[in-house]
Amino acid sequence: MTATAPREEQLWSRCAGCASLLYRKRLRRNLDVCPECGEHARLGAPERLRQLVDPGSLRPLADRLPEADPIDFVDVLPYPHRLTAARASTGLVEAVVCATATIGGHPVAMAVMDFRFLGGSLGCAVGELITRTAERALDERIPLVLVTASGGARMQEGVLSLMQMATVSQAIAALREAGLLTVSVLTDPTYGGVAASFATNTDLVLAESGARMGFAGPRVIRQVTGRALPEGFQTADFLLRHGQVDMVVQRRSLRGRLVALLAATHAGAPTRPSVPRQEPASHRERLAAADDAAALPPATPEADGTAAVRDAWDTVRMARHPGRPTTLDYLDSVFDGFVELHGDRLGADCPAIVGGVARLAGRHVMVIGHQKGHTTAELVARNFGMASPAGHRKALRLMRLAARLGLPVVTLVDTPGADPGVSAEEHGQAAAIAENILALTVLPTPVLAVITGEGGSGGALALAVADRVLMLENAVYSVISPEGCAAILWPDRSAAPQAARALRLRAPDLRRLGVVDEVVPEPPAAAHDDPAETALRLRAALLANLLPLLDVPPAMLVRLRRQRFRRFGATRAGQRAGVR
Ligand SMILES: [Zn+2]
């Protein structure tokens, strides 16, 4: 190695697309697009901002937040060590840079994600910073421009990172209500929780040439389906062909397009209108997990004898137990007069979501839930409770119908996650989930959610943005499956039990974090052992939580719901929730 080697590396770089050796300065002048093959290299947030905004107009927003390791997460490294390393290597405080600026003379608030920082993952700080940027846009009545680059939610912050999808979405909803433009620019790569929230629930979605966007990543889909993926799967052109983005834009045209869009939508000042990653597991693994869950040790009482708390991994197995009551079981045992409503009105009816009108102690409600099954045949027919985009759109239709009819919504959440499949991606899984999350943040009717079994990532949250969130004692709620988390961070799927503990996914943990309002106790041996007693307890909890909501005016409900999800930002996380 000679002394000139580092210098050589700075002067030249190799194109990831065509392997041409390119003069670094020439590449930068060409906006980091290869002059030979057109490959768009990934940009860090500072360089992205430099390319997009008017020179001298950038006003960075504060990016220092209280240090947060809300669940004291440790995999092979403590989370704070990973954060420190990311800061040292990027020079950034977090995975997003926020600012106000002008683009072609139009004032905007901007949040630009940086994939170099822990894969652009969405944690409490990132969610808080983007939310503040959106709130700044609202205060100043200017458009919001988001540039996304992310692998998804940040596993190391557990379910609190999942909550950020709701927090940011409701800020977007507020801009929508105020008649202010929101634009997202998808850059490579945009996946998971970011794709399934603010990357796709904005007014306009632009995809940079070469960007890939999806809910589930290609590796996961290949693993689950066991099939090769179609050519160009999840690329910008694929997204355009499947109606998921407004346009695909070359990097050199991006600024010009933004200027044109900002100018077009600025014609006439905005007026206030008259009136918010999938886990890798094959079907066979899911069936094996269900078998495994059928033989479980009893809960061991705590030393002080107060409560019997199961080990996190045992709880996961309990939550997946094939004998556990399903949504249709509860519709039979807890509710009366269920009338099932089918279809998304767009061409499909997803069997993994069931919904319809029913009565709870004589009151009419809309019930929507994931449906699993007790036998292999049922599980396969219901796709293991993993909803397709059609399922999410059916749920959305029923939520809106409930609001129109003045019916409260009760959701029963029991899903390993949203469907990780080729067709689901083609039909806009990310945007379907994102729209549900946003719609729930502003739905003008009471919403009560119960995590009854598995609360798996964005697929669960799409039914769980609610005024009150209840959780059965042996249910779990997590940003990622323990197996998926273990495969990525340890990296070894057999570390799933350790990952389950690190993720704080049990009901008592989530109650302490404020994600869950009330834990519904199960009979001593668990729900599957005494479904009738479980139903009685669930019914009592539903009534106790729903009745007070019925007296709250809808506008107040929405305001309080927003406050509930606003508080999961970094400030709260920084206070530490004292979970052990
Ligand atoms: Zn090239």
# chains A, B, ... in the order shown; residues from 1 in each chain; ligands from 1

$ residues_near_ligand --ligand "ligand 1" --cutoff "9 Å" --atoms "only C-alpha atoms and all ligand atoms" --output "number ranges by chain"
A: 14-22, 33-40

$ write_last_selection --atoms "all heavy atoms" --output "mmCIF file, in the first residue's frame"
data_model
loop_
_atom_site.group_PDB
_atom_site.id
_atom_site.type_symbol
_atom_site.label_atom_id
_atom_site.label_comp_id
_atom_site.auth_asym_id
_atom_site.auth_seq_id
_atom_site.Cartn_x
_atom_site.Cartn_y
_atom_site.Cartn_z
ATOM 1 N N ARG A 14 -15.664 3.863 -8.433
ATOM 2 C CA ARG A 14 -16.116 2.866 -9.397
ATOM 3 C C ARG A 14 -17.642 2.819 -9.419
ATOM 4 O O ARG A 14 -18.279 2.750 -8.374
ATOM 5 C CB ARG A 14 -15.540 1.497 -9.023
ATOM 6 C CG ARG A 14 -15.632 0.473 -10.139
ATOM 7 C CD ARG A 14 -14.888 -0.811 -9.819
ATOM 8 N NE ARG A 14 -13.434 -0.699 -9.815
ATOM 9 C CZ ARG A 14 -12.670 -0.696 -10.921
ATOM 10 N NH1 ARG A 14 -13.228 -0.764 -12.112
ATOM 11 N NH2 ARG A 14 -11.366 -0.617 -10.826
ATOM 12 N N CYS A 15 -18.234 2.876 -10.590
ATOM 13 C CA CYS A 15 -19.701 2.861 -10.720
ATOM 14 C C CYS A 15 -20.246 1.503 -10.312
ATOM 15 O O CYS A 15 -19.753 0.465 -10.753
ATOM 16 C CB CYS A 15 -20.096 3.163 -12.161
ATOM 17 S SG CYS A 15 -21.865 2.905 -12.465
ATOM 18 N N ALA A 16 -21.283 1.527 -9.473
ATOM 19 C CA ALA A 16 -21.891 0.273 -9.026
ATOM 20 C C ALA A 16 -22.680 -0.387 -10.160
ATOM 21 O O ALA A 16 -22.968 -1.576 -10.117
ATOM 22 C CB ALA A 16 -22.805 0.528 -7.840
ATOM 23 N N GLY A 17 -23.039 0.406 -11.169
ATOM 24 C CA GLY A 17 -23.835 -0.130 -12.267
ATOM 25 C C GLY A 17 -22.998 -0.803 -13.338
ATOM 26 O O GLY A 17 -23.233 -1.957 -13.683
ATOM 27 N N CYS A 18 -21.974 -0.076 -13.860
ATOM 28 C CA CYS A 18 -21.227 -0.592 -15.007
ATOM 29 C C CYS A 18 -19.753 -0.825 -14.691
ATOM 30 O O CYS A 18 -18.992 -1.229 -15.557
ATOM 31 C CB CYS A 18 -21.354 0.362 -16.184
ATOM 32 S SG CYS A 18 -20.541 1.948 -15.922
ATOM 33 N N ALA A 19 -19.367 -0.557 -13.439
ATOM 34 C CA ALA A 19 -17.995 -0.782 -12.976
ATOM 35 C C ALA A 19 -16.980 0.145 -13.645
ATOM 36 O O ALA A 19 -15.775 -0.050 -13.506
ATOM 37 C CB ALA A 19 -17.583 -2.251 -13.133
ATOM 38 N N SER A 20 -17.421 1.179 -14.359
ATOM 39 C CA SER A 20 -16.477 2.142 -14.932
ATOM 40 C C SER A 20 -15.753 2.877 -13.805
ATOM 41 O O SER A 20 -16.351 3.171 -12.766
ATOM 42 C CB SER A 20 -17.201 3.203 -15.760
ATOM 43 O OG SER A 20 -17.836 2.623 -16.855
ATOM 44 N N LEU A 21 -14.485 3.154 -14.034
ATOM 45 C CA LEU A 21 -13.733 3.969 -13.091
ATOM 46 C C LEU A 21 -13.974 5.426 -13.473
ATOM 47 O O LEU A 21 -13.710 5.836 -14.595
ATOM 48 C CB LEU A 21 -12.242 3.605 -13.179
ATOM 49 C CG LEU A 21 -11.407 3.914 -11.948
ATOM 50 C CD1 LEU A 21 -11.993 3.284 -10.689
ATOM 51 C CD2 LEU A 21 -9.971 3.454 -12.164
ATOM 52 N N LEU A 22 -14.510 6.192 -12.544
ATOM 53 C CA LEU A 22 -14.938 7.551 -12.874
ATOM 54 C C LEU A 22 -14.180 8.571 -12.048
ATOM 55 O O LEU A 22 -13.934 8.351 -10.855
ATOM 56 C CB LEU A 22 -16.438 7.716 -12.603
ATOM 57 C CG LEU A 22 -17.341 6.732 -13.352
ATOM 58 C CD1 LEU A 22 -18.720 6.680 -12.717
ATOM 59 C CD2 LEU A 22 -17.456 7.147 -14.821
ATOM 60 N N VAL A 33 -24.509 10.789 -10.894
ATOM 61 C CA VAL A 33 -25.130 9.871 -11.851
ATOM 62 C C VAL A 33 -24.033 9.472 -12.833
ATOM 63 O O VAL A 33 -23.344 10.332 -13.383
ATOM 64 C CB VAL A 33 -26.296 10.552 -12.604
ATOM 65 C CG1 VAL A 33 -26.862 9.620 -13.668
ATOM 66 C CG2 VAL A 33 -27.381 10.975 -11.621
ATOM 67 N N CYS A 34 -23.856 8.168 -13.057
ATOM 68 C CA CYS A 34 -22.777 7.697 -13.917
ATOM 69 C C CYS A 34 -22.987 8.187 -15.351
ATOM 70 O O CYS A 34 -24.038 7.933 -15.946
ATOM 71 C CB CYS A 34 -22.719 6.168 -13.893
ATOM 72 S SG CYS A 34 -21.545 5.491 -15.074
ATOM 73 N N PRO A 35 -22.006 8.896 -15.907
ATOM 74 C CA PRO A 35 -22.162 9.396 -17.290
ATOM 75 C C PRO A 35 -22.145 8.254 -18.306
ATOM 76 O O PRO A 35 -22.619 8.422 -19.431
ATOM 77 C CB PRO A 35 -20.948 10.303 -17.500
ATOM 78 C CG PRO A 35 -20.162 10.275 -16.238
ATOM 79 C CD PRO A 35 -20.710 9.232 -15.323
ATOM 80 N N GLU A 36 -21.628 7.090 -17.893
ATOM 81 C CA GLU A 36 -21.542 5.962 -18.828
ATOM 82 C C GLU A 36 -22.859 5.192 -18.912
ATOM 83 O O GLU A 36 -23.350 4.891 -19.987
ATOM 84 C CB GLU A 36 -20.427 4.994 -18.401
ATOM 85 C CG GLU A 36 -19.061 5.643 -18.224
ATOM 86 C CD GLU A 36 -18.526 6.234 -19.535
ATOM 87 O OE1 GLU A 36 -18.841 5.651 -20.597
ATOM 88 O OE2 GLU A 36 -17.839 7.268 -19.484
ATOM 89 N N CYS A 37 -23.435 4.850 -17.741
ATOM 90 C CA CYS A 37 -24.598 3.957 -17.749
ATOM 91 C C CYS A 37 -25.844 4.570 -17.117
ATOM 92 O O CYS A 37 -26.914 3.965 -17.144
ATOM 93 C CB CYS A 37 -24.271 2.642 -17.036
ATOM 94 S SG CYS A 37 -24.177 2.786 -15.239
ATOM 95 N N GLY A 38 -25.729 5.744 -16.521
ATOM 96 C CA GLY A 38 -26.914 6.390 -15.945
ATOM 97 C C GLY A 38 -27.263 5.927 -14.544
ATOM 98 O O GLY A 38 -28.285 6.315 -13.975
ATOM 99 N N GLU A 39 -26.410 5.068 -13.935
ATOM 100 C CA GLU A 39 -26.654 4.606 -12.571
ATOM 101 C C GLU A 39 -26.698 5.805 -11.617
ATOM 102 O O GLU A 39 -25.825 6.654 -11.625
ATOM 103 C CB GLU A 39 -25.522 3.659 -12.156
ATOM 104 C CG GLU A 39 -25.463 3.313 -10.691
ATOM 105 C CD GLU A 39 -26.345 2.125 -10.321
ATOM 106 O OE1 GLU A 39 -26.904 1.489 -11.244
ATOM 107 O OE2 GLU A 39 -26.486 1.855 -9.119
ATOM 108 N N HIS A 40 -27.783 5.870 -10.807
ATOM 109 C CA HIS A 40 -27.886 6.924 -9.800
ATOM 110 C C HIS A 40 -27.278 6.418 -8.489
ATOM 111 O O HIS A 40 -27.871 5.573 -7.827
ATOM 112 C CB HIS A 40 -29.361 7.287 -9.550
ATOM 113 C CG HIS A 40 -29.984 8.106 -10.646
ATOM 114 N ND1 HIS A 40 -29.913 7.760 -11.981
ATOM 115 C CD2 HIS A 40 -30.702 9.260 -10.594
ATOM 116 C CE1 HIS A 40 -30.560 8.669 -12.711
ATOM 117 N NE2 HIS A 40 -31.049 9.590 -11.893
#

$ select_by_dssp --residues "region 15-171 of chain A" --states "alpha helix (DSSP H)" --output "PyMOL selection string"
chain A and resi 24-29+45-52+79-90+124-140+158-171

$ closest_residue --among "A:Gly385, A:Gly120, A:Pro531, A:Pro508" --to "Gly369 (chain A)" --atoms "only C-alpha atoms"
A:Gly385

$ residues_around --residues "Pro46 (chain A)" --least-positions-apart "5" --cutoff "9 Å" --atoms "only C-alpha atoms" --output "list in words"
Gln51, Val97, Val112 and Asp114 of chain A

$ select_by_dssp --residues "region 127-193 of chain A" --states "strand (DSSP E or B)" --output "PyMOL selection string"
chain A and resi 144-150+153+182-191

$ write_last_selection --atoms "all heavy atoms" --output "short mmCIF file (atom, residue, chain, number, x, y, z; two decimals), in the first residue's frame"
data_model
loop_
_atom_site.label_atom_id
_atom_site.label_comp_id
_atom_site.auth_asym_id
_atom_site.auth_seq_id
_atom_site.Cartn_x
_atom_site.Cartn_y
_atom_site.Cartn_z
N LEU A 144 -44.70 20.66 2.42
CA LEU A 144 -43.72 19.75 3.04
C LEU A 144 -43.16 18.84 1.95
O LEU A 144 -43.91 18.22 1.20
CB LEU A 144 -44.41 18.90 4.10
CG LEU A 144 -43.54 17.81 4.77
CD1 LEU A 144 -42.48 18.43 5.67
CD2 LEU A 144 -44.42 16.84 5.57
N VAL A 145 -41.83 18.78 1.87
CA VAL A 145 -41.17 17.89 0.92
C VAL A 145 -40.34 16.88 1.70
O VAL A 145 -39.48 17.26 2.50
CB VAL A 145 -40.26 18.68 -0.05
CG1 VAL A 145 -39.51 17.71 -0.98
CG2 VAL A 145 -41.07 19.68 -0.87
N LEU A 146 -40.63 15.60 1.49
CA LEU A 146 -39.88 14.54 2.16
C LEU A 146 -39.06 13.78 1.13
O LEU A 146 -39.57 13.48 0.05
CB LEU A 146 -40.84 13.55 2.84
CG LEU A 146 -41.83 14.16 3.84
CD1 LEU A 146 -42.84 13.10 4.28
CD2 LEU A 146 -41.08 14.71 5.04
N VAL A 147 -37.80 13.51 1.45
CA VAL A 147 -36.99 12.66 0.58
C VAL A 147 -36.67 11.41 1.40
O VAL A 147 -36.02 11.50 2.44
CB VAL A 147 -35.70 13.37 0.13
CG1 VAL A 147 -34.89 12.45 -0.79
CG2 VAL A 147 -36.02 14.69 -0.57
N THR A 148 -37.17 10.27 0.95
CA THR A 148 -37.05 9.07 1.78
C THR A 148 -35.94 8.15 1.30
O THR A 148 -35.67 8.04 0.10
CB THR A 148 -38.37 8.27 1.78
OG1 THR A 148 -38.66 7.86 0.44
CG2 THR A 148 -39.52 9.11 2.31
N ALA A 149 -35.29 7.49 2.25
CA ALA A 149 -34.28 6.46 2.00
C ALA A 149 -34.20 5.69 3.29
O ALA A 149 -33.71 6.20 4.29
CB ALA A 149 -32.93 7.08 1.66
N SER A 150 -34.73 4.47 3.30
CA SER A 150 -34.84 3.77 4.58
C SER A 150 -35.09 2.29 4.38
O SER A 150 -35.82 1.88 3.48
CB SER A 150 -36.00 4.37 5.38
OG SER A 150 -36.20 3.64 6.57
N ALA A 153 -38.52 0.51 9.87
CA ALA A 153 -38.53 0.94 11.28
C ALA A 153 -37.26 0.45 11.99
O ALA A 153 -36.65 -0.52 11.56
CB ALA A 153 -39.77 0.41 11.97
N THR A 182 -48.23 18.14 0.30
CA THR A 182 -47.16 17.27 0.78
C THR A 182 -46.63 16.45 -0.40
O THR A 182 -47.40 15.95 -1.21
CB THR A 182 -47.65 16.30 1.88
OG1 THR A 182 -48.76 15.54 1.38
CG2 THR A 182 -48.10 17.06 3.12
N VAL A 183 -45.31 16.37 -0.48
CA VAL A 183 -44.66 15.65 -1.59
C VAL A 183 -43.64 14.70 -1.01
O VAL A 183 -42.86 15.09 -0.14
CB VAL A 183 -43.91 16.63 -2.52
CG1 VAL A 183 -43.29 15.87 -3.70
CG2 VAL A 183 -44.82 17.74 -3.02
N SER A 184 -43.62 13.45 -1.47
CA SER A 184 -42.49 12.62 -1.09
C SER A 184 -41.72 12.25 -2.34
O SER A 184 -42.29 12.05 -3.41
CB SER A 184 -42.93 11.38 -0.32
OG SER A 184 -43.49 10.44 -1.19
N VAL A 185 -40.41 12.23 -2.18
CA VAL A 185 -39.52 11.80 -3.25
C VAL A 185 -38.90 10.49 -2.78
O VAL A 185 -38.14 10.47 -1.81
CB VAL A 185 -38.42 12.85 -3.52
CG1 VAL A 185 -37.49 12.34 -4.62
CG2 VAL A 185 -39.03 14.19 -3.89
N LEU A 186 -39.28 9.38 -3.44
CA LEU A 186 -38.73 8.09 -3.06
C LEU A 186 -37.35 7.96 -3.67
O LEU A 186 -37.18 8.12 -4.87
CB LEU A 186 -39.60 6.95 -3.61
CG LEU A 186 -41.10 7.00 -3.32
CD1 LEU A 186 -41.80 5.82 -4.02
CD2 LEU A 186 -41.34 6.95 -1.83
N THR A 187 -36.36 7.67 -2.82
CA THR A 187 -35.04 7.37 -3.37
C THR A 187 -34.66 5.97 -2.92
O THR A 187 -35.31 5.38 -2.06
CB THR A 187 -33.97 8.40 -2.93
OG1 THR A 187 -33.62 8.17 -1.56
CG2 THR A 187 -34.47 9.83 -3.12
N ASP A 188 -33.61 5.46 -3.49
CA ASP A 188 -33.23 4.07 -3.26
C ASP A 188 -32.47 3.92 -1.95
O ASP A 188 -31.52 4.65 -1.72
CB ASP A 188 -32.35 3.57 -4.40
CG ASP A 188 -32.22 2.07 -4.39
OD1 ASP A 188 -33.25 1.38 -4.45
OD2 ASP A 188 -31.08 1.58 -4.28
N PRO A 189 -32.86 2.98 -1.11
CA PRO A 189 -34.09 2.19 -1.12
C PRO A 189 -35.10 2.75 -0.13
O PRO A 189 -34.70 3.39 0.83
CB PRO A 189 -33.60 0.83 -0.65
CG PRO A 189 -32.47 1.15 0.31
CD PRO A 189 -31.92 2.51 -0.08
N THR A 190 -36.37 2.53 -0.32
CA THR A 190 -37.40 2.95 0.63
C THR A 190 -38.29 1.76 0.93
O THR A 190 -39.04 1.31 0.06
CB THR A 190 -38.22 4.13 0.07
OG1 THR A 190 -37.36 5.26 -0.09
CG2 THR A 190 -39.35 4.51 1.02
N TYR A 191 -38.19 1.24 2.15
CA TYR A 191 -38.89 0.00 2.49
C TYR A 191 -39.56 0.06 3.86
O TYR A 191 -39.35 1.00 4.63
CB TYR A 191 -37.91 -1.19 2.46
CG TYR A 191 -37.70 -1.70 1.05
CD1 TYR A 191 -36.63 -1.24 0.28
CD2 TYR A 191 -38.60 -2.57 0.48
CE1 TYR A 191 -36.46 -1.67 -1.03
CE2 TYR A 191 -38.44 -3.02 -0.82
CZ TYR A 191 -37.38 -2.57 -1.56
OH TYR A 191 -37.23 -2.99 -2.86
#

$ closest_residue --among "A:Met110, A:Leu379, A:Ala502, A:Ala62" --to "Met155 (chain A)" --atoms "only C-alpha atoms"
A:Ala502

$ residues_around --residues "Gln164 (chain A)" --least-positions-apart "6" --cutoff "9 Å" --atoms "only C-alpha atoms" --output "PyMOL selection string"
chain A and resi 122-124+126-128+131+153+193+565-566+568-569

$ write_last_selection --atoms "C-alpha atoms" --output "PDB file, in the first residue's frame"
ATOM      1  CA  LEU A 122     -37.187   5.168  11.498  1.00  0.00           C
ATOM      2  CA  GLY A 123     -36.813   5.470  15.255  1.00  0.00           C
ATOM      3  CA  CYS A 124     -38.292   7.830  17.819  1.00  0.00           C
ATOM      4  CA  VAL A 126     -36.345  10.406  13.312  1.00  0.00           C
ATOM      5  CA  GLY A 127     -40.121  10.341  13.769  1.00  0.00           C
ATOM      6  CA  GLU A 128     -39.989  13.306  16.118  1.00  0.00           C
ATOM      7  CA  THR A 131     -43.102  15.413  12.756  1.00  0.00           C
ATOM      8  CA  ALA A 153     -38.533   0.939  11.276  1.00  0.00           C
ATOM      9  CA  GLY A 193     -42.386   1.271   7.921  1.00  0.00           C
ATOM     10  CA  PHE A 565     -49.761   9.145  19.161  1.00  0.00           C
ATOM     11  CA  ARG A 566     -47.851  12.420  19.236  1.00  0.00           C
ATOM     12  CA  PHE A 568     -44.299   8.611  21.246  1.00  0.00           C
ATOM     13  CA  GLY A 569     -41.622  10.976  19.979  1.00  0.00           C
TER      14      GLY A 569
END

$ atom_distance --atom1 "CA of Asp551 (chain A)" --atom2 "CA of Leu538 (chain A)"
21.2 Å

$ residues_around --residues "region 458-471 of chain A" --least-positions-apart "5" --cutoff "6 Å" --atoms "only C-alpha atoms" --output "ChimeraX atom specification"
/A:417-418,433,436-437,440,447-451,516-520,561

$ write_last_selection --atoms "all heavy atoms" --output "tab-separated table (two decimals), in the first residue's frame"
chain	number	residue	atom	x	y	z
A	417	GLY	N	-48.13	-10.20	10.36
A	417	GLY	CA	-47.70	-9.02	9.59
A	417	GLY	C	-48.49	-9.00	8.29
A	417	GLY	O	-49.26	-9.91	8.01
A	418	ALA	N	-48.29	-7.94	7.51
A	418	ALA	CA	-48.97	-7.86	6.23
A	418	ALA	C	-48.36	-8.88	5.26
A	418	ALA	O	-47.23	-9.31	5.44
A	418	ALA	CB	-48.85	-6.46	5.66
A	433	ILE	N	-51.38	0.27	3.54
A	433	ILE	CA	-51.19	0.36	5.00
A	433	ILE	C	-51.08	1.82	5.42
A	433	ILE	O	-51.69	2.25	6.40
A	433	ILE	CB	-49.92	-0.43	5.42
A	433	ILE	CG1	-50.11	-1.92	5.16
A	433	ILE	CG2	-49.59	-0.18	6.89
A	433	ILE	CD1	-48.85	-2.74	5.32
A	436	ASN	N	-54.42	3.55	5.64
A	436	ASN	CA	-55.20	3.14	6.81
A	436	ASN	C	-54.71	3.85	8.07
A	436	ASN	O	-55.51	4.30	8.90
A	436	ASN	CB	-55.11	1.63	7.03
A	436	ASN	CG	-56.02	0.87	6.09
A	436	ASN	OD1	-56.36	1.38	5.04
A	436	ASN	ND2	-56.38	-0.33	6.46
A	437	ILE	N	-53.41	3.90	8.23
A	437	ILE	CA	-52.84	4.53	9.43
A	437	ILE	C	-53.27	6.00	9.47
A	437	ILE	O	-53.74	6.51	10.49
A	437	ILE	CB	-51.30	4.40	9.43
A	437	ILE	CG1	-50.92	2.93	9.63
A	437	ILE	CG2	-50.67	5.27	10.52
A	437	ILE	CD1	-49.45	2.63	9.40
A	440	LEU	N	-57.07	6.40	10.14
A	440	LEU	CA	-57.44	6.15	11.54
A	440	LEU	C	-57.09	7.34	12.44
A	440	LEU	O	-57.77	7.58	13.42
A	440	LEU	CB	-56.75	4.88	12.06
A	440	LEU	CG	-57.43	3.56	11.71
A	440	LEU	CD1	-56.55	2.38	12.11
A	440	LEU	CD2	-58.81	3.45	12.38
A	447	VAL	N	-62.59	4.68	18.22
A	447	VAL	CA	-61.87	3.51	17.74
A	447	VAL	C	-61.21	2.82	18.94
A	447	VAL	O	-60.48	3.45	19.69
A	447	VAL	CB	-60.78	3.87	16.71
A	447	VAL	CG1	-60.13	2.59	16.16
A	447	VAL	CG2	-61.34	4.71	15.56
A	448	LEU	N	-61.51	1.54	19.07
A	448	LEU	CA	-60.97	0.76	20.17
A	448	LEU	C	-60.27	-0.44	19.55
A	448	LEU	O	-60.88	-1.20	18.80
A	448	LEU	CB	-62.14	0.32	21.06
A	448	LEU	CG	-61.87	-0.52	22.30
A	448	LEU	CD1	-60.89	0.17	23.22
A	448	LEU	CD2	-63.19	-0.75	23.03
A	449	ALA	N	-58.98	-0.60	19.83
A	449	ALA	CA	-58.22	-1.71	19.24
A	449	ALA	C	-57.83	-2.70	20.33
A	449	ALA	O	-57.51	-2.30	21.45
A	449	ALA	CB	-56.96	-1.19	18.55
A	450	VAL	N	-57.86	-3.98	19.98
A	450	VAL	CA	-57.39	-5.00	20.91
A	450	VAL	C	-56.38	-5.88	20.19
A	450	VAL	O	-56.69	-6.43	19.12
A	450	VAL	CB	-58.54	-5.91	21.38
A	450	VAL	CG1	-58.04	-6.82	22.51
A	450	VAL	CG2	-59.74	-5.12	21.82
A	451	ILE	N	-55.18	-5.98	20.76
A	451	ILE	CA	-54.22	-6.95	20.23
A	451	ILE	C	-54.59	-8.28	20.89
A	451	ILE	O	-54.41	-8.45	22.10
A	451	ILE	CB	-52.76	-6.59	20.60
A	451	ILE	CG1	-52.48	-5.09	20.45
A	451	ILE	CG2	-51.78	-7.45	19.80
A	451	ILE	CD1	-52.48	-4.56	19.06
A	516	VAL	N	-49.80	0.53	25.09
A	516	VAL	CA	-51.03	-0.18	25.40
A	516	VAL	C	-51.64	0.45	26.65
A	516	VAL	O	-50.92	0.78	27.60
A	516	VAL	CB	-50.72	-1.68	25.61
A	516	VAL	CG1	-51.85	-2.39	26.33
A	516	VAL	CG2	-50.42	-2.34	24.27
A	517	ASP	N	-52.97	0.65	26.63
A	517	ASP	CA	-53.62	1.31	27.75
A	517	ASP	C	-54.03	0.34	28.85
A	517	ASP	O	-54.10	0.71	30.01
A	517	ASP	CB	-54.86	2.06	27.27
A	517	ASP	CG	-54.50	3.13	26.25
A	517	ASP	OD1	-53.79	4.07	26.62
A	517	ASP	OD2	-54.88	2.99	25.07
A	518	GLU	N	-54.35	-0.87	28.44
A	518	GLU	CA	-54.86	-1.81	29.43
A	518	GLU	C	-54.55	-3.24	29.00
A	518	GLU	O	-54.68	-3.58	27.83
A	518	GLU	CB	-56.37	-1.63	29.58
A	518	GLU	CG	-56.98	-2.44	30.70
A	518	GLU	CD	-58.48	-2.14	30.84
A	518	GLU	OE1	-58.88	-0.96	30.77
A	518	GLU	OE2	-59.24	-3.12	30.99
A	519	VAL	N	-54.11	-4.04	29.95
A	519	VAL	CA	-53.86	-5.46	29.68
A	519	VAL	C	-55.09	-6.24	30.14
A	519	VAL	O	-55.53	-6.08	31.27
A	519	VAL	CB	-52.61	-5.95	30.43
A	519	VAL	CG1	-52.37	-7.43	30.13
A	519	VAL	CG2	-51.39	-5.12	30.02
A	520	VAL	N	-55.64	-7.04	29.24
A	520	VAL	CA	-56.82	-7.84	29.58
A	520	VAL	C	-56.33	-9.21	30.06
A	520	VAL	O	-55.72	-9.95	29.28
A	520	VAL	CB	-57.75	-8.01	28.35
A	520	VAL	CG1	-59.00	-8.80	28.74
A	520	VAL	CG2	-58.10	-6.65	27.76
A	561	ARG	N	-56.82	11.53	20.25
A	561	ARG	CA	-56.12	10.42	19.60
A	561	ARG	C	-54.78	10.89	19.04
A	561	ARG	O	-53.76	10.23	19.16
A	561	ARG	CB	-56.99	9.85	18.48
A	561	ARG	CG	-56.56	8.46	18.00
A	561	ARG	CD	-57.47	7.96	16.87
A	561	ARG	NE	-58.87	8.03	17.24
A	561	ARG	CZ	-59.86	8.26	16.38
A	561	ARG	NH1	-59.60	8.45	15.09
A	561	ARG	NH2	-61.12	8.32	16.77

$ residues_around --residues "Gly91 (chain A)" --least-positions-apart "6" --cutoff "12 Å" --atoms "only C-alpha atoms" --output "list in words"
Gly44, Ala45, Pro46, Leu83, Thr84, Ala85, Val97, Asp114, Arg116 and Phe117 of chain A

$ closest_residue --among "A:Ala166, A:Ala390, A:Leu262, A:Ala216" --to "Ala439 (chain A)" --atoms "only C-alpha atoms"
A:Ala166

$ residues_around --residues "Val159 (chain A)" --least-positions-apart "3" --cutoff "8 Å" --atoms "only C-alpha atoms" --output "list in words"
Met155, Leu162, Met163, Ser457, Tyr477, Ser478, Val479, Leu503, Arg504, Leu505 and Val515 of chain A

$ closest_residue --among "A:Gly391, A:Pro446, A:Pro143, A:Pro408" --to "Leu360 (chain A)" --atoms "only C-alpha atoms"
A:Pro408

$ closest_residue --among "A:Val309, A:Leu239, A:Leu472, A:Leu401" --to "Leu341 (chain A)" --atoms "only C-alpha atoms"
A:Leu401

$ closest_residue --among "A:Arg176, A:Arg501, A:Arg59, A:His342" --to "Val442 (chain A)" --atoms "only C-alpha atoms"
A:Arg176

$ atom_distance --atom1 "CA of Asp509 (chain A)" --atom2 "CA of Ala312 (chain A)"
9.9 Å
